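Data first, discussion second: the structure below is written as structure tokens.
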Amino acid sequence: MVTALVPHGIFEIPAMIIAGSIGFKLIDAVIAKMRGESNSVFLKDIFTFFFLMIILTFIAAVVEAKITPYLMAQFS
């Protein structure tokens, strides 16, 4: 059972954490806007987080499709 969960969870859990951090970054941008500060880094950070999230999710999907069945066959 653990053999099926661990391999793709290594990439999928950080992707979910990054997805959650986008919300905190949005709150930070709203607070900065209310204070009159510049939001020049906001879009760069959002695109970076989004790109990392997509890449990690894709890697998790490939691991789940290719590596997990192999490991399940070896350890079952």
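Following the order of the structure tokens, chains are lettered A, B, ..., residues in each are numbered from 1, and ligands are numbered from 1.
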Compile a residue-level contact table for range 10-46 of chain A against range 50-74 of chain A at a cut-off of 10 Å, reporting for every qualifying residue the shortest atom pair and its distance in Å to one decimal, with only C-alpha atoms counted, rows ordered by chain and ascending number, as a Markdown table.
```
| residue | atom | partner | partner_atom | distance |
| --- | --- | --- | --- | --- |
| A:Ile10 | CA | A:Ala60 | CA | 7.7 |
| A:Phe11 | CA | A:Ala60 | CA | 5.3 |
| A:Glu12 | CA | A:Ala60 | CA | 5.6 |
| A:Ile13 | CA | A:Leu56 | CA | 9.0 |
| A:Pro14 | CA | A:Leu56 | CA | 7.6 |
| A:Ala15 | CA | A:Met53 | CA | 4.7 |
| A:Met16 | CA | A:Met53 | CA | 7.4 |
| A:Ile17 | CA | A:Met53 | CA | 8.8 |
| A:Ile18 | CA | A:Met53 | CA | 6.2 |
| A:Ala19 | CA | A:Met53 | CA | 6.5 |
| A:Ile22 | CA | A:Phe50 | CA | 8.0 |
| A:Lys44 | CA | A:Phe50 | CA | 9.9 |
| A:Asp45 | CA | A:Phe50 | CA | 8.5 |
| A:Ile46 | CA | A:Phe50 | CA | 6.0 |
```
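Atom pair CA of Val6 in chain A / CA of Gly20 in chain A: separated by 20.7 Å.
Between CA of Ser76 in chain A and CA of Gly9 in chain A there is a distance of 19.4 Å.
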**Request:** For Leu26 in chain A, work out the shell of residues within 10 Å, counting only C-alpha atoms and skipping chain neighbours fewer than 4 positions away, then give it as a ChimeraX atom specification.
**Result:** /A:21-22,30-32,42-43,46
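Computed from the coordinates, the CA of Lys33 in chain A to CA of Thr48 in chain A distance equals 20.5 Å.
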